[in-house]
Amino acid sequence: MADYKEAPLATRPRTLDPNDYFNLSQEKRRADEERAALRANLKRQYLTQLNNPSRTELIEDPALTRWVYARANPFPHFRPTFKTSLLGIVFGVVPLVTLYYIFKTDRDRKEAQIKAGTRDRKFNLAY
Amino acid sequence: MAGVGFRRWAQTLTKGRGVGISALLSGARAASGASKGSLPGPYPTTPAERAAAAKKYNLRVEDYEPYPDNGQGFGDYPKLPDRSQHERDPWYQWDHPDLRRNWGEPMHWNFDMYIRNRVDTSPTPVSWNSMCKQLFGFIGFMLFMFYIGEVFPAYQPVAPKQYPYNNLYLERGGDPEKQPEEVKNYEI
């Protein structure tokens, strides 16, 4: 397993991660404890609401609200830059225009063939 | 009063009682529901704004990293590590066990992609090189064998069907008076 190479975009197994063995420090420990404190606070808030016997409504999750709001409202933070314009053109304009040209030339070619009588039309629309 | 907004006017007028109108005119609101500063906002520029945003998203100030301000519409939403929910501890008591997420935890921008029915970034049991070799080896071998089969085909010999009576001369509308030419479909 010494030559284990993880897939791109996947994670390395934690047992093969050298940071777990070598780069441990007090700061890391303190950071982990601060994160655990934040997590415990949120857990306390949630469990208080969950176990409240007189609660009748759903427990609203502000993190979920923020996520939905952020995903639904990117436009106030949109700025036309080189990258965003390029993406817009590549995904919005190019498919439209290329498909128009492909279909138009193909159909014009077929129409010209029909007018010249060279097209093999086997299937009748009416008998 | 003009800054109150159409929504609150509509709500008070439909309530139909006097208390609603006086509360509307004085601008008093209930303390429940999302507060004004709790929604995502624009990209934070000053350290004070960064600290406020980190507090809003329940992250440490050192952990909070917004997406780069390139105009793609992220605002101040935090950039969390691109890890799928498959990787989270299956044995911990999550608040939402199927999503492996706790209440109030900041959600990844692509959270709906990283749920357990979809993209999985957990470590693969076999290394990348081994997987590539197996897949492309198999595909390459099959393509090579199909090519060999094209070059050296192996099937039962067939020929066009042979008909008796001079290739069915009369059945094909030949003249009964005329003598057809003799057709021999065999060799002895």
# chains A, B, ... in the order shown; residues from 1 in each chain; ligands from 1
call {"tool": "interface_residues", "arguments": {"of": "chain B", "to": "chain A", "cutoff": "7 Å", "atoms": "only C-alpha atoms", "output": "PyMOL selection string"}}
result
chain B and resi 39-40+42+58+60+71-75+103-107+121-124+127-129
call {"tool": "select_by_dssp", "arguments": {"residues": "range 38-176 of chain B", "states": "strand (DSSP E or B)", "output": "VMD selection string"}}
result
chain B and resid 66 72 78 96 101
call {"tool": "select_by_dssp", "arguments": {"residues": "chain A", "states": "helix (DSSP H, G or I)", "output": "PyMOL selection string"}}
result
chain A and resi 14-16+18-20+26-50+62-72+75-77+82-116
call {"tool": "atom_distance", "arguments": {"atom1": "CA of Leu59 in chain B", "atom2": "CA of Leu58 in chain A"}}
result
24.5 Å
call {"tool": "atom_distance", "arguments": {"atom1": "CA of Tyr101 in chain A", "atom2": "CA of Leu86 in chain A"}}
result
20.7 Å
